[in-house]
Structure formats: C-alpha cells, structure tokens
Amino acid sequence: MMDSLQNQAYQEIRKRIIFSDLEPGRKISEKSLEDLLDIGRTPIRESLIQLRQQELVYTIPQSGTYISKIDLASAQNARFVREQLEQQIMVECCTKLTPETQQRLQEILNLQQKTIEEQDARGFFYADNLFHETCFDIAERKEVWNWLDNHNTHLERFRWLRVTISGLPWETITNQHQQLFDALVAKNPEEVRFLTILHLHMMLNEQESVVERYPEYFA
C-alpha cells in the first residue's frame with residue numbers, strides 16, 4: 001500500500017512540475033505537498049527523495065526545498081535520444097500498422113483536433129503524447145516508450161511551455177502528425193523517417209521563443 005501511495009505522490013508531483021503548477025524555482029515543503037495532494041507525509045517524503053535523484057527538486061540547507069529550473073541541456077539530450085530511437089521505431093510502426101491500429105491513430109488525430117477547437121491545452125498536450133506512445137505500442141516498443149518517459153521530464157516541461165505560447169500555433173504539431181500518419185498508411189518508411197526527424201527538430205527551431213517567454217524558468 002505504501003509503495004502505491006509513494007508512486008501516486010511521485011506521479012502527482014511530477015505532473016504538477018511538468019505543467020508548471022509547481023513552477024520552477026518555487027519553494028515547497030512536505031507539509032504544503034501533503035495539504036495539496038491529500039497524501040500522507042511518508043509517501044511525500046519518499047517521492048521527494050526520488051525527485052531529488054532526478055534533479056527535479058533540490059534542497060538548500062537552512063533554507064528549504066525548491067522546484068528545479070528547467071535544464072535545457074537535459075531537455076536537448078532527451079530530444080536527441082528520442083530522435084535517434086523514434087525514427088527507427090516509427091519505421092517499425094509503418095511495417096506493423098494494421099487497419100485496426102490505423103483507426104486508433106486516426107481517433108487520436110480527431111481528438112487532438114477537438115482539443116484545438118476547444119482550446120484545451122492540457123488535452124492537446126495529452127493527445128500529442130498519446131499519438132507517439134501509440135506508435136511505439138504498434139511497433140511493439142512500449143517498454144522503450146516507458147523508459148523514455150521516465151527520463152525526459154525536462155523535455156516534457158519545455159514542451160508544455162511551448163503549448164502555452166500563443167505565437168507558436170498548435171496546428172504546426174497536428175499538421176506534422178497528419179503527415180506522419182499519411183506516410184504510415186502509405187507504408188513509406190523513408191518518408192516516415194524523414195518526417196519523424198523533422199518533427200523532433202521542432203524544439204531546436206522554437207527554443208529561443210520559449211526561453212524568451214519564460215526566462216525565469218530556465219537554469
């Protein structure tokens with residue numbers, strides 16, 4: 001039971017860090033998190049140990065515990081690893097796509113379009129991740145996705161901030177997803193590889209805009 005509560009606390013705090021509900025640089029305490037999450041002190045304490053190990057929180061003696069600022073180098077490294085792995089995994093997805101899994105991806109694209117119409121930023125962010133996660137699943141590489149997801153929090157934090165900037169339209173992402181989907185359906189592995197690299201280079205193209213909008217959030 002304690003392990004379950006500790007994982008629940010960890011996932012909740014990590015999610016709030018990603019969405020900047022617990023913004024970079026903010027001072028936190030076990031008591032404040034206990035009140036916020038309605039979870040006991042021990043699982044909160046254990047989850048903070050895990051978050052410290054991942055350098056998502058840090059402690060200053062005689063001062064307190066703080067949410068770490070976004071490490072741009074870590075985010076860039078996570079993007080690099082995803083680019084190297086995902087282009088091959090998307091090719092595998094291309095070869096393994098079936099009418100049923102094609103329909104799954106189409107439904108995610110429909111969901112993402114709906115979140116744009118409703119201006120649902122968190123729903124859009126969720127659908128964006130779900131598209132990629134589903135491609136990994138189709139390629140029978142879900143374990144790889146889970147491993148990446150556990151090591152890319154700084155990238156996720158950057159990607160969320162990107163969604164919140166009005167000058168960076170969400171349609172850029174959905175258009176690239178649609179092109180990827182069309183290439184998957186056409187069983188064109190070279191086009192799939194090219195579009196995956198293009199899509200994952202978006203961070204490099206938009207990094208300056210994000211950092212300029214939220215300079216206080218970056219280390």
# chains A, B, ... in the order shown; residues from 1 in each chain; ligands from 1

$ residues_around --residues "stretch 141-148 of chain A" --least-positions-apart "3" --cutoff "12 Å" --atoms "only C-alpha atoms" --output "PyMOL selection string"
chain A and resi 75+77-86+88-93+96+129-138+151-156

$ select_by_dssp --residues "stretch 54-195 of chain A" --states "strand (DSSP E or B)" --output "number ranges by chain"
A: 57-60, 64-67, 70

$ write_last_selection --atoms "C-alpha atoms" --output "mmCIF file, in the first residue's frame"
data_model
loop_
_atom_site.group_PDB
_atom_site.id
_atom_site.type_symbol
_atom_site.label_atom_id
_atom_site.label_comp_id
_atom_site.auth_asym_id
_atom_site.auth_seq_id
_atom_site.Cartn_x
_atom_site.Cartn_y
_atom_site.Cartn_z
ATOM 1 C CA VAL A 57 13.855 19.280 -6.776
ATOM 2 C CA TYR A 58 16.833 20.390 -4.693
ATOM 3 C CA THR A 59 17.415 21.350 -1.075
ATOM 4 C CA ILE A 60 19.414 24.291 0.281
ATOM 5 C CA GLY A 64 14.318 24.705 2.172
ATOM 6 C CA THR A 65 13.386 22.580 -0.820
ATOM 7 C CA TYR A 66 12.782 24.092 -4.248
ATOM 8 C CA ILE A 67 11.497 23.036 -7.665
ATOM 9 C CA ILE A 70 14.341 23.536 -16.438
#

$ residues_around --residues "stretch 37-49 of chain A" --least-positions-apart "6" --cutoff "10 Å" --atoms "only C-alpha atoms" --output "PyMOL selection string"
chain A and resi 2-14+29-31+55-58+65

$ atom_distance --atom1 "atom CA of A:Glu216" --atom2 "atom CA of A:Thr164"
15.4 Å

$ residues_around --residues "A:Thr98" --least-positions-apart "4" --cutoff "12 Å" --atoms "only C-alpha atoms" --output "NGL selection string"
:A and (93-94 or 102-105 or 135 or 138-139 or 184-187)

$ write_last_selection --atoms "N, CA and C atoms" --output "mmCIF file, in the first residue's frame"
data_model
loop_
_atom_site.group_PDB
_atom_site.id
_atom_site.type_symbol
_atom_site.label_atom_id
_atom_site.label_comp_id
_atom_site.auth_asym_id
_atom_site.auth_seq_id
_atom_site.Cartn_x
_atom_site.Cartn_y
_atom_site.Cartn_z
ATOM 1 N N CYS A 93 6.768 0.830 -36.825
ATOM 2 C CA CYS A 93 5.328 1.066 -36.763
ATOM 3 C C CYS A 93 4.725 1.014 -38.163
ATOM 4 N N CYS A 94 5.441 1.583 -39.114
ATOM 5 C CA CYS A 94 4.983 1.600 -40.508
ATOM 6 C C CYS A 94 4.760 0.183 -41.031
ATOM 7 N N GLN A 102 -4.445 1.568 -37.386
ATOM 8 C CA GLN A 102 -4.611 2.799 -38.165
ATOM 9 C C GLN A 102 -5.801 3.589 -37.631
ATOM 10 N N GLN A 103 -6.884 2.892 -37.314
ATOM 11 C CA GLN A 103 -8.068 3.546 -36.763
ATOM 12 C C GLN A 103 -7.775 4.171 -35.406
ATOM 13 N N ARG A 104 -6.961 3.502 -34.595
ATOM 14 C CA ARG A 104 -6.572 4.068 -33.290
ATOM 15 C C ARG A 104 -5.865 5.397 -33.471
ATOM 16 N N LEU A 105 -4.934 5.445 -34.413
ATOM 17 C CA LEU A 105 -4.203 6.689 -34.655
ATOM 18 C C LEU A 105 -5.129 7.775 -35.205
ATOM 19 N N CYS A 135 2.191 4.910 -31.387
ATOM 20 C CA CYS A 135 3.091 4.426 -32.446
ATOM 21 C C CYS A 135 4.130 3.467 -31.879
ATOM 22 N N ILE A 138 2.314 0.200 -31.266
ATOM 23 C CA ILE A 138 2.092 -0.529 -32.524
ATOM 24 C C ILE A 138 3.375 -1.223 -32.973
ATOM 25 N N ALA A 139 4.507 -0.553 -32.747
ATOM 26 C CA ALA A 139 5.804 -1.130 -33.117
ATOM 27 C C ALA A 139 6.284 -2.184 -32.116
ATOM 28 N N LEU A 184 2.632 6.735 -42.786
ATOM 29 C CA LEU A 184 2.470 5.400 -42.193
ATOM 30 C C LEU A 184 1.465 4.582 -42.983
ATOM 31 N N VAL A 185 0.333 5.195 -43.292
ATOM 32 C CA VAL A 185 -0.724 4.492 -44.032
ATOM 33 C C VAL A 185 -0.240 4.118 -45.433
ATOM 34 N N ALA A 186 0.578 4.992 -46.029
ATOM 35 C CA ALA A 186 1.111 4.733 -47.376
ATOM 36 C C ALA A 186 2.238 3.709 -47.362
ATOM 37 N N LYS A 187 2.643 3.286 -46.147
ATOM 38 C CA LYS A 187 3.743 2.317 -45.997
ATOM 39 C C LYS A 187 5.022 2.823 -46.676
#

$ residues_around --residues "A:Ser209" --least-positions-apart "2" --cutoff "12 Å" --atoms "only C-alpha atoms" --output "ChimeraX atom specification"
/A:158-159,161-168,202-207,211-215

$ select_by_dssp --residues "stretch 49-131 of chain A" --states "helix (DSSP H, G or I)" --output "ChimeraX atom specification"
/A:49-53,72-96,99-117,121-131

$ atom_distance --atom1 "atom CA of A:Asp21" --atom2 "atom CA of A:Tyr126"
16.0 Å
